[in-house]
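Peer 1: The structure file model.tsv (TSV, C-alpha atoms) is provided below.
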```
chain	number	residue	atom	x	y	z
Y	243	MET	CA	0.00	0.00	0.00
Y	244	ILE	CA	2.71	2.48	1.02
Y	245	GLY	CA	4.75	1.43	-2.02
Y	246	GLU	CA	1.78	2.05	-4.31
Y	247	LEU	CA	1.15	5.47	-2.80
Y	248	PHE	CA	4.80	6.34	-3.27
Y	249	ILE	CA	4.76	5.40	-6.96
Y	250	LEU	CA	1.47	7.26	-7.43
Y	251	ALA	CA	2.99	10.38	-5.85
Y	252	LEU	CA	6.11	10.18	-8.01
Y	253	THR	CA	4.18	9.60	-11.24
Y	254	PHE	CA	1.76	12.47	-10.68
Y	255	MET	CA	4.52	14.86	-9.61
Y	256	LYS	CA	6.10	14.15	-12.99
Y	257	ILE	CA	2.82	14.78	-14.80
Y	258	GLY	CA	2.34	18.03	-12.85
Y	259	LEU	CA	5.82	19.20	-13.80
Y	260	GLY	CA	5.11	18.49	-17.47
Y	261	ALA	CA	1.84	20.41	-17.44
Y	262	PHE	CA	2.89	23.44	-19.46
Y	263	GLY	CA	0.34	25.46	-21.35
Y	264	GLY	CA	-2.85	24.25	-19.77
Y	265	GLY	CA	-5.08	21.24	-19.50
Y	266	LEU	CA	-5.27	19.69	-22.93
Y	267	ALA	CA	-1.54	20.03	-23.62
Y	268	THR	CA	-0.96	17.73	-20.62
Y	269	ILE	CA	-2.59	14.80	-22.46
Y	270	PRO	CA	0.67	13.43	-24.00
Y	271	PHE	CA	2.26	13.41	-20.52
Y	272	ILE	CA	-0.72	11.64	-18.98
Y	273	HIS	CA	-0.66	9.09	-21.81
Y	274	TYR	CA	3.08	8.49	-21.51
Y	275	GLU	CA	3.07	8.06	-17.72
Y	276	LEU	CA	-0.15	6.07	-17.29
Y	277	VAL	CA	-0.40	3.99	-20.49
Y	278	VAL	CA	3.17	3.64	-21.84
Y	279	SER	CA	5.33	3.65	-18.66
Y	280	ARG	CA	2.88	2.03	-16.24
Y	281	PRO	CA	0.10	-0.49	-16.81
Y	282	TRP	CA	-2.49	1.67	-15.07
Y	283	LEU	CA	-4.70	2.52	-18.03
Y	284	THR	CA	-5.50	0.80	-21.32
Y	285	GLU	CA	-5.86	2.92	-24.46
Y	286	ARG	CA	-9.63	2.76	-24.03
Y	287	GLY	CA	-9.44	3.60	-20.34
Y	288	PHE	CA	-7.26	6.56	-21.23
Y	289	ALA	CA	-9.81	7.85	-23.75
Y	290	GLU	CA	-12.50	7.51	-21.08
Y	291	VAL	CA	-10.50	9.46	-18.52
Y	292	VAL	CA	-9.98	12.26	-21.05
Y	293	SER	CA	-13.72	12.42	-21.80
Y	294	LEU	CA	-14.60	12.26	-18.13
Y	295	ALA	CA	-12.18	15.09	-17.37
Y	296	GLN	CA	-13.84	17.26	-20.01
Y	297	MET	CA	-17.28	16.66	-18.50
Y	298	THR	CA	-16.27	17.55	-14.95
Y	299	PRO	CA	-14.82	20.84	-13.71
Y	300	GLY	CA	-11.11	21.28	-13.18
Y	301	PRO	CA	-7.84	20.75	-15.06
Y	302	ILE	CA	-7.53	17.37	-16.79
Y	303	ALA	CA	-4.30	16.52	-14.93
Y	304	VAL	CA	-6.10	16.94	-11.60
Y	305	ASN	CA	-9.08	14.89	-12.80
Y	306	ALA	CA	-6.83	12.10	-14.06
Y	307	ALA	CA	-4.95	12.07	-10.74
Y	308	THR	CA	-8.12	11.70	-8.68
Y	309	PHE	CA	-9.52	8.98	-10.94
Y	310	VAL	CA	-6.40	6.84	-11.35
Y	311	GLY	CA	-5.37	7.35	-7.71
Y	312	TYR	CA	-8.75	6.07	-6.57
Y	313	ARG	CA	-8.51	3.07	-8.86
Y	314	ILE	CA	-5.04	2.09	-7.67
Y	315	ALA	CA	-5.35	2.73	-3.94
Y	316	GLY	CA	-8.82	3.98	-2.99
Y	317	PHE	CA	-9.42	7.29	-1.24
Y	318	ALA	CA	-5.83	7.57	0.04
Y	319	GLY	CA	-4.58	7.03	-3.51
Y	320	SER	CA	-6.80	9.73	-4.96
Y	321	ALA	CA	-5.77	12.21	-2.25
Y	322	VAL	CA	-2.05	11.49	-2.68
Y	323	ALA	CA	-2.16	11.62	-6.48
Y	324	THR	CA	-4.17	14.86	-6.53
Y	325	ALA	CA	-1.93	16.55	-3.96
Y	326	SER	CA	1.16	15.49	-5.96
Y	327	VAL	CA	-0.06	16.79	-9.31
Y	328	ILE	CA	-0.89	20.14	-7.68
Y	329	GLY	CA	1.98	20.35	-5.17
Y	330	ALA	CA	5.05	19.68	-7.36
Y	331	PRO	CA	4.45	22.52	-9.84
Y	332	LEU	CA	3.38	24.83	-7.00
Y	333	ALA	CA	6.75	24.24	-5.34
Y	334	VAL	CA	8.42	25.33	-8.59
Y	335	ILE	CA	6.29	28.46	-8.86
Y	336	ILE	CA	6.92	29.39	-5.22
Y	337	ALA	CA	10.68	29.01	-5.69
Y	338	VAL	CA	10.73	30.93	-8.97
Y	339	THR	CA	8.53	33.84	-7.86
Y	340	TRP	CA	10.72	34.13	-4.76
Y	341	LEU	CA	13.85	34.23	-6.94
Y	342	LEU	CA	12.26	36.75	-9.30
Y	343	SER	CA	11.39	39.04	-6.41
Y	344	LYS	CA	15.08	39.08	-5.45
Y	345	THR	CA	16.35	39.95	-8.92
Y	346	THR	CA	15.90	42.75	-11.43
Y	347	GLY	CA	13.69	43.27	-14.46
Y	348	ARG	CA	15.91	41.27	-16.80
Y	349	TRP	CA	14.66	38.03	-15.29
Y	350	LYS	CA	11.09	39.06	-15.81
Y	351	GLU	CA	11.90	39.67	-19.49
Y	352	GLY	CA	13.38	36.17	-19.57
Y	353	THR	CA	10.15	34.72	-18.20
Y	354	LYS	CA	8.22	36.46	-20.96
Y	355	LYS	CA	10.59	35.03	-23.57
Y	356	VAL	CA	10.15	31.51	-22.23
Y	357	GLN	CA	6.40	31.94	-22.26
Y	358	LYS	CA	6.52	33.03	-25.91
Y	359	ALA	CA	8.89	30.23	-26.87
Y	360	LEU	CA	6.54	27.73	-25.23
Y	361	ARG	CA	3.61	28.62	-27.51
Y	362	PRO	CA	4.60	26.56	-30.59
Y	363	VAL	CA	5.81	23.77	-28.26
Y	364	VAL	CA	2.42	23.66	-26.55
Y	365	THR	CA	0.77	23.66	-29.99
Y	366	GLY	CA	2.82	20.57	-30.84
Y	367	MET	CA	1.64	18.89	-27.62
Y	368	LEU	CA	-1.96	19.80	-28.44
Y	369	PHE	CA	-1.61	18.45	-31.98
Y	370	THR	CA	-0.34	15.15	-30.60
Y	371	ALA	CA	-3.19	15.07	-28.08
Y	372	PHE	CA	-5.63	15.66	-30.95
Y	373	TRP	CA	-4.17	12.73	-32.87
Y	374	MET	CA	-4.36	10.47	-29.78
Y	375	VAL	CA	-8.08	11.13	-29.44
Y	376	LEU	CA	-8.75	11.02	-33.17
Y	377	ARG	CA	-6.95	7.73	-33.91
Y	378	PRO	CA	-9.64	5.38	-32.55
Y	379	ILE	CA	-12.35	7.46	-34.24
Y	380	ILE	CA	-10.78	7.10	-37.69
Y	381	GLN	CA	-11.28	3.33	-37.61
Y	382	ASP	CA	-15.07	3.59	-37.49
Y	383	LYS	CA	-17.05	5.34	-40.26
Y	384	ARG	CA	-20.10	5.89	-38.01
Y	385	LEU	CA	-17.90	7.93	-35.69
Y	386	TRP	CA	-16.83	10.13	-38.62
Y	387	LEU	CA	-20.44	11.16	-39.08
Y	388	LEU	CA	-20.95	11.90	-35.40
Y	389	THR	CA	-17.73	13.92	-35.26
Y	390	GLY	CA	-18.71	15.94	-38.33
Y	391	GLY	CA	-22.12	16.64	-36.83
Y	392	LEU	CA	-20.57	17.75	-33.56
Y	393	TRP	CA	-18.18	20.03	-35.41
Y	394	ALA	CA	-21.18	21.70	-37.05
Y	395	ALA	CA	-22.96	21.93	-33.68
Y	396	THR	CA	-20.11	24.00	-32.23
Y	397	LYS	CA	-21.30	26.86	-34.45
Y	398	PHE	CA	-24.24	27.29	-32.07
Y	399	PRO	CA	-23.44	29.77	-29.27
Y	400	LEU	CA	-25.01	27.45	-26.67
Y	401	PHE	CA	-22.37	24.76	-27.24
Y	402	LYS	CA	-19.64	27.36	-27.46
Y	403	ARG	CA	-20.52	28.60	-23.98
Y	404	PHE	CA	-21.12	25.18	-22.44
Y	405	PRO	CA	-18.82	22.66	-24.14
Y	406	GLN	CA	-19.78	20.05	-21.56
Y	407	LEU	CA	-23.29	20.03	-23.10
Y	408	LEU	CA	-21.66	19.01	-26.37
Y	409	LEU	CA	-19.96	16.13	-24.57
Y	410	LEU	CA	-23.12	14.97	-22.87
Y	411	GLY	CA	-25.02	15.17	-26.16
Y	412	ALA	CA	-22.30	13.20	-27.93
Y	413	GLY	CA	-22.33	10.60	-25.16
Y	414	VAL	CA	-26.10	10.16	-25.39
Y	415	ALA	CA	-25.83	9.92	-29.19
Y	416	GLY	CA	-23.16	7.25	-28.72
Y	417	TYR	CA	-25.39	5.37	-26.31
Y	418	LEU	CA	-28.34	5.45	-28.73
Y	419	LEU	CA	-26.34	4.63	-31.88
Y	420	PHE	CA	-23.84	2.00	-30.83
K	229	MET	CA	-10.38	40.14	2.01
K	230	ALA	CA	-11.79	37.72	4.56
K	231	MET	CA	-10.43	34.18	4.28
K	232	ILE	CA	-13.88	32.66	4.14
K	233	SER	CA	-15.05	34.78	1.19
K	234	LEU	CA	-11.71	34.14	-0.52
K	235	PHE	CA	-12.30	30.43	-0.12
K	236	PHE	CA	-15.81	30.61	-1.58
K	237	LEU	CA	-14.69	32.81	-4.47
K	238	PHE	CA	-12.15	30.19	-5.56
K	239	LEU	CA	-14.52	27.34	-4.77
K	240	ARG	CA	-16.99	28.86	-7.24
K	241	MET	CA	-14.22	29.25	-9.76
K	242	GLY	CA	-13.19	25.61	-9.32
K	243	ALA	CA	-16.76	24.39	-9.67
K	244	PHE	CA	-17.66	26.32	-12.80
K	245	THR	CA	-14.54	26.27	-14.92
K	246	PHE	CA	-15.20	23.49	-17.35
K	247	GLY	CA	-12.69	23.67	-20.15
K	248	GLY	CA	-9.70	24.62	-18.08
K	249	GLY	CA	-7.50	27.58	-17.31
K	250	ILE	CA	-8.40	29.90	-20.14
K	251	VAL	CA	-12.07	29.99	-19.14
K	252	MET	CA	-10.95	30.72	-15.60
K	253	ILE	CA	-9.10	33.86	-16.63
K	254	GLY	CA	-12.37	35.38	-17.85
K	255	PHE	CA	-13.95	34.56	-14.50
K	256	LEU	CA	-11.01	36.14	-12.67
K	257	GLU	CA	-11.27	39.33	-14.70
K	258	ARG	CA	-14.97	39.66	-13.91
K	259	GLU	CA	-14.64	38.86	-10.21
K	260	LEU	CA	-11.36	40.55	-9.33
K	261	ARG	CA	-10.54	43.20	-11.90
K	262	ASP	CA	-14.02	44.62	-12.35
K	263	THR	CA	-14.44	44.86	-8.58
K	264	GLY	CA	-11.10	46.68	-8.35
K	265	ARG	CA	-9.29	44.04	-6.26
K	266	LEU	CA	-6.63	43.44	-8.91
K	267	SER	CA	-5.42	45.60	-11.79
K	268	THR	CA	-5.23	44.52	-15.44
K	269	GLY	CA	-1.43	44.58	-15.23
K	270	GLU	CA	-1.41	42.31	-12.18
K	271	ILE	CA	-3.70	39.82	-13.91
K	272	THR	CA	-1.55	39.87	-17.08
K	273	ASP	CA	1.58	39.20	-15.00
K	274	MET	CA	-0.13	36.27	-13.28
K	275	ILE	CA	-1.09	34.76	-16.62
K	276	VAL	CA	2.52	35.04	-17.86
K	277	TYR	CA	3.83	33.32	-14.72
K	278	ALA	CA	1.12	30.66	-14.73
K	279	THR	CA	1.82	29.71	-18.34
K	280	ALA	CA	5.63	30.04	-18.31
K	281	PHE	CA	5.96	27.54	-15.46
K	282	PRO	CA	4.61	24.01	-15.16
K	283	GLY	CA	1.36	23.06	-13.46
K	284	PRO	CA	-2.33	23.36	-14.29
K	285	ILE	CA	-2.99	27.03	-15.13
K	286	ALA	CA	-6.05	27.16	-12.86
K	287	VAL	CA	-4.05	26.02	-9.84
K	288	ASN	CA	-1.11	28.34	-10.56
K	289	VAL	CA	-3.34	31.36	-11.06
K	290	SER	CA	-5.22	30.58	-7.85
K	291	TRP	CA	-1.96	30.47	-5.92
K	292	LEU	CA	-0.71	33.77	-7.37
K	293	ALA	CA	-4.05	35.58	-6.99
K	294	GLY	CA	-4.60	34.24	-3.48
K	295	LYS	CA	-1.14	35.38	-2.46
K	296	LYS	CA	-1.69	38.85	-3.88
K	297	LEU	CA	-5.06	39.17	-2.12
K	298	ALA	CA	-4.22	37.72	1.30
K	299	GLY	CA	-0.62	36.57	1.57
K	300	ARG	CA	0.65	33.00	1.79
K	301	ARG	CA	-2.31	31.79	3.82
K	302	GLY	CA	-4.62	33.27	1.21
K	303	ALA	CA	-2.71	31.37	-1.48
K	304	VAL	CA	-3.21	28.04	0.31
K	305	ILE	CA	-6.93	28.79	0.82
K	306	ALA	CA	-7.32	29.74	-2.85
K	307	VAL	CA	-5.66	26.53	-4.11
K	308	LEU	CA	-7.83	24.44	-1.78
K	309	GLY	CA	-10.92	26.25	-3.04
K	310	THR	CA	-10.10	25.66	-6.73
K	311	SER	CA	-9.06	22.04	-6.27
K	312	LEU	CA	-11.83	20.78	-4.03
K	313	PRO	CA	-14.76	20.76	-6.53
K	314	PRO	CA	-12.93	18.78	-9.26
K	315	PHE	CA	-11.52	16.40	-6.63
K	316	LEU	CA	-14.94	15.69	-5.11
K	317	ALA	CA	-16.65	15.43	-8.51
K	318	ILE	CA	-14.25	12.76	-9.79
K	319	LEU	CA	-14.15	10.97	-6.45
K	320	LEU	CA	-17.91	10.57	-6.49
K	321	LEU	CA	-17.97	9.55	-10.15
K	322	SER	CA	-15.13	7.06	-9.88
K	323	HIS	CA	-16.90	5.40	-6.99
K	324	PHE	CA	-19.90	4.69	-9.22
K	325	LEU	CA	-18.08	4.34	-12.54
K	326	LEU	CA	-15.54	1.75	-11.49
K	327	SER	CA	-18.22	-0.90	-11.23
K	328	SER	CA	-19.93	-0.02	-14.51
K	329	LEU	CA	-17.04	1.03	-16.75
K	330	ASP	CA	-17.04	-2.21	-18.69
K	331	THR	CA	-20.75	-2.42	-19.47
K	332	PRO	CA	-21.59	-1.91	-23.18
K	333	SER	CA	-23.87	1.08	-22.57
K	334	VAL	CA	-21.26	3.02	-20.60
K	335	SER	CA	-18.55	2.33	-23.16
K	336	ALA	CA	-20.93	3.38	-25.97
K	337	PHE	CA	-21.52	6.63	-24.11
K	338	PHE	CA	-17.78	7.27	-23.83
K	339	LEU	CA	-17.19	6.35	-27.46
K	340	GLY	CA	-19.67	9.06	-28.47
K	341	ALA	CA	-18.23	11.55	-26.01
K	342	SER	CA	-14.71	11.00	-27.36
K	343	CYS	CA	-15.91	12.41	-30.71
K	344	ALA	CA	-16.83	15.65	-28.93
K	345	VAL	CA	-13.43	15.69	-27.21
K	346	ALA	CA	-11.76	15.37	-30.62
K	347	VAL	CA	-13.80	18.31	-31.91
K	348	ILE	CA	-12.95	20.47	-28.89
K	349	ILE	CA	-9.21	19.71	-29.04
K	350	GLY	CA	-9.22	20.14	-32.82
K	351	GLN	CA	-10.62	23.63	-32.50
K	352	VAL	CA	-8.14	24.57	-29.76
K	353	VAL	CA	-5.23	23.32	-31.92
K	354	TYR	CA	-6.51	25.26	-34.91
K	355	GLY	CA	-6.86	28.45	-32.84
K	356	MET	CA	-3.36	28.08	-31.40
K	357	ALA	CA	-1.82	27.19	-34.77
K	358	LYS	CA	-3.27	30.34	-36.34
K	359	ILE	CA	-1.42	32.61	-33.89
K	360	THR	CA	1.82	30.64	-33.68
K	361	VAL	CA	2.69	27.92	-36.15
K	362	MET	CA	1.27	29.58	-39.27
K	363	ASP	CA	2.88	32.86	-38.24
K	364	GLY	CA	6.52	32.19	-39.11
K	365	TRP	CA	9.15	29.56	-39.81
K	366	LYS	CA	10.71	29.74	-36.31
K	367	ASP	CA	7.50	28.75	-34.57
K	368	PHE	CA	6.80	26.19	-37.26
K	369	SER	CA	10.22	24.54	-36.79
K	370	ALA	CA	9.72	24.21	-33.03
K	371	PHE	CA	6.20	22.81	-33.58
K	372	LEU	CA	7.47	20.33	-36.14
K	373	LEU	CA	10.31	19.17	-33.87
K	374	VAL	CA	7.89	18.49	-31.00
K	375	VAL	CA	5.52	16.55	-33.24
K	376	VAL	CA	8.34	14.47	-34.80
K	377	LEU	CA	9.91	13.66	-31.42
K	378	LEU	CA	6.55	12.71	-29.91
K	379	MET	CA	4.64	11.03	-32.71
K	380	GLY	CA	7.47	9.95	-35.00
K	381	LEU	CA	10.18	8.82	-32.61
K	382	LYS	CA	7.76	8.20	-29.71
K	383	LEU	CA	10.14	9.81	-27.22
K	384	SER	CA	9.14	10.92	-23.74
K	385	PRO	CA	7.11	14.15	-23.80
K	386	PHE	CA	9.68	15.68	-21.43
K	387	LEU	CA	12.36	15.31	-24.12
K	388	ALA	CA	10.02	16.68	-26.78
K	389	LEU	CA	9.14	19.67	-24.60
K	390	GLY	CA	12.78	20.37	-23.76
K	391	GLY	CA	13.89	19.95	-27.37
K	392	GLY	CA	11.18	22.20	-28.78
K	393	LEU	CA	11.75	24.88	-26.14
K	394	ALA	CA	15.53	24.80	-26.65
K	395	LEU	CA	15.18	25.08	-30.43
K	396	ARG	CA	12.71	27.96	-30.22
K	397	LEU	CA	14.90	29.86	-27.75
K	398	ALA	CA	18.01	29.22	-29.87
K	399	LEU	CA	16.26	30.72	-32.90
K	400	GLY	CA	15.77	33.90	-30.89
K	401	VAL	CA	12.61	35.31	-29.33
K	402	LYS	CA	11.91	39.00	-29.71
K	403	GLY	CA	11.67	40.80	-26.34
K	404	LYS	CA	8.42	42.63	-25.63
```
Can I see the file as structure tokens?

Peer 2:
Amino acid sequence: MIGELFILALTFMKIGLGAFGGGLATIPFIHYELVVSRPWLTERGFAEVVSLAQMTPGPIAVNAATFVGYRIAGFAGSAVATASVIGAPLAVIIAVTWLLSKTTGRWKEGTKKVQKALRPVVTGMLFTAFWMVLRPIIQDKRLWLLTGGLWAATKFPLFKRFPQLLLLGAGVAGYLLF
Amino acid sequence: MAMISLFFLFLRMGAFTFGGGIVMIGFLERELRDTGRLSTGEITDMIVYATAFPGPIAVNVSWLAGKKLAGRRGAVIAVLGTSLPPFLAILLLSHFLLSSLDTPSVSAFFLGASCAVAVIIGQVVYGMAKITVMDGWKDFSAFLLVVVLLMGLKLSPFLALGGGLALRLALGVKGK
């Protein structure tokens, strides 16, 4: 039990430290740590976690931590994994903001440069995440239709404001069709 | 700002920000800038810090905003407030889902939902690509390197991130 909690903590600290550029860009890290490096999720389980995270509030890395932590080691696991995915990057930000407050404006300029340089990198992460989700869909023609229909539905302001409605609708459509 | 109202402000933010950090920034502007608690410049600085360093943007921004509003204790309260709703939501769901995840109806539901996820990510990628990758060869090279390292060579995302960042910085980033 203690060993499992330790590995959970380590894995989710890593995921937290890779979470640059916001929720969806974390998907390749989550996939690598939970599907490739550890046998904690199957490809299908991974797709389900991603969908689930989009339907519930909060960053996907936090959602994945709670879900996988619970599955591996119950409530203690979910608490440890969630605290790790939040705590590790917070430690970095605390250290860096402290350092920045001790130094001059040049460091702040440096931070801005890094942020700008990260943009195309994050886009690459997002593109890979897109491919990971799209790959299973490509194999089934019925899913092409559903995806096309959903793409058209995003033109409606209602779905633009509440993307989780789009997910729920798509889920219900999946339930009725397949 | 009283700790208890700080906690509930971030609790609300945690509960209603579907779709991640970017949505949260709009919420922050309404709740904190428009009420005069934070200035536009302070919020812009927070966004730069939250996106230049690792960690979920929502959590990072909560820490920075909480600290600005009520010191280190405020920061801890703010992070707890933002994190609690997603934690409880998934905890409740996993409790019920774990027993039914393998039934055909639940997996059909998730198969359908994954199409919507693809659409949402696709539109985010397209939006990001328009302002970065299609904007110049330097950004495009860094993007391409990340994609090749990740999808082509199947390397660890940490290597891809480091490689892409190093290349983009080496090509030179304009100040300002």

Peer 1: My list of candidates is Y:Gly352, Y:Gly319, Y:Pro299, Y:Gly390. Which is closest to chain K when distances are computed with all atoms listed in the file?

Peer 2: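 Looking only at the distances to chain K, the closest residue turns out to be Y:Pro299.
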
Peer 1: Looking at all atoms listed in the file, which of K:Gly264, K:Gly350, K:Glu259, K:Trp291 is the one that sits closest to Ala333 of chain Y?

Peer 2: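 Smallest separation from Ala333 of chain Y among the options: K:Trp291.
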
Peer 1: List the neighbours of Met252 of chain K out to 10 Å using only C-alpha atoms; skip same-chain residues closer than 4 positions along the sequence, and give me the result as a list of chain:residue names.

Peer 2: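 After dropping sequence-adjacent residues, the list is Y:Gly300, K:Met241, K:Gly242, K:Phe244, K:Thr245, K:Phe246, K:Gly247, K:Gly248, K:Leu256, K:Glu257, K:Arg258, K:Ile285, K:Ala286, K:Val289, K:Ser290.
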
Peer 1: Would you please work out which residue, of Y:Met367, Y:Ile328, Y:Val277, Y:Val292, is nearest to Leu377 of chain K when using all atoms listed in the file?

Peer 2: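 Checking each of Y:Met367, Y:Ile328, Y:Val277, Y:Val292 against Leu377 of chain K, counting all atoms listed in the file, the winner is Y:Met367.
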
Peer 1: Pick from K:Phe371, K:Phe255, K:Phe235, K:Trp365: nearest to chain Y, with only C-alpha atoms counted?

Peer 2: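 Checking each candidate against chain Y, we get K:Phe371 as the closest.
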
Peer 1: Just to confirm, what's the straight-line distance from atom CA of Val375 of chain K to atom CA of Leu389 of chain K in Å (one decimal)?

Peer 2: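 Between atom CA of Val375 of chain K and atom CA of Leu389 of chain K the gap is 9.9 Å.
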
Peer 1: Counting only C-alpha atoms, which residues sit no farther than 7 Å from the position (-11.5, 13.7, -25.6) in the file's frame? I'd like them as a list of chain:residue names.

Peer 2: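 Output: Y:Ala289, Y:Val292, Y:Ser293, Y:Val375, K:Ser342, K:Cys343, K:Ala344, K:Val345, K:Ala346.
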
Peer 1: Rounded to one decimal in Å, what is the spacing between atom CA of Ile271 of chain K and atom CA of Ile348 of chain K?

Peer 2: 26.2 Å

Peer 1: Find the spatial neighbours of segment 402-406 of chain Y, counting all atoms listed in the file, within a cut-off of 7 Å - ignore same-chain residues fewer than 5 positions away - and output them as a list in words.

Peer 2: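 In the requested form, the answer reads Gln296, Met297 and Thr396 of chain Y.
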
Peer 1: Would you mind telling me which residue in Y:Ile336, Y:Ala251, Y:Val364, Y:Leu294 lies nearest to Pro314 of chain K when using only C-alpha atoms?

Peer 2: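 Distance minimum relative to Pro314 of chain K lands on Y:Leu294.
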
Peer 1: Record the distance separating atom CA of Val334 of chain K and atom CA of Gly411 of chain Y, expressed in Å with one decimal.

Peer 2: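 Interatomic distance, atom CA of Val334 of chain K to atom CA of Gly411 of chain Y: 13.9 Å.
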
Peer 1: Name the closest residue to Ala267 of chain Y among the candidates K:Ala370, K:Leu316, K:Ile349, K:Ala394; distances are taken between atoms, counting all atoms listed in the file.

Peer 2: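 Under the stated criterion, the closest residue is K:Ile349.
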
Peer 1: If you count only C-alpha atoms, which residues fall within 10 Å of segment 307-317 of chain Y, apart from same-chain ones fewer than 2 positions away, as a count of residues only?

Peer 2: 45

Peer 1: Report as a list in words all protein, DNA and RNA residues lying within 6 Å of Gly413 of chain Y, evaluated on only C-alpha atoms, omitting residues in the same chain fewer than 3 positions from it.

Peer 2: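 That gives Leu410 and Gly416 of chain Y; Phe337, Phe338, Gly340 and Ala341 of chain K.
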
Peer 1: If we count all atoms listed in the file and set the cut-off at 12 Å, which residues sit around Ile359 of chain K, ignoring sequence neighbours fewer than 5 positions away in its own chain? Please answer as an MDAnalysis selection string.

Peer 2: (chainID Y and resid 358 361:362 365) or (chainID K and resid 352:354 364 367:368)
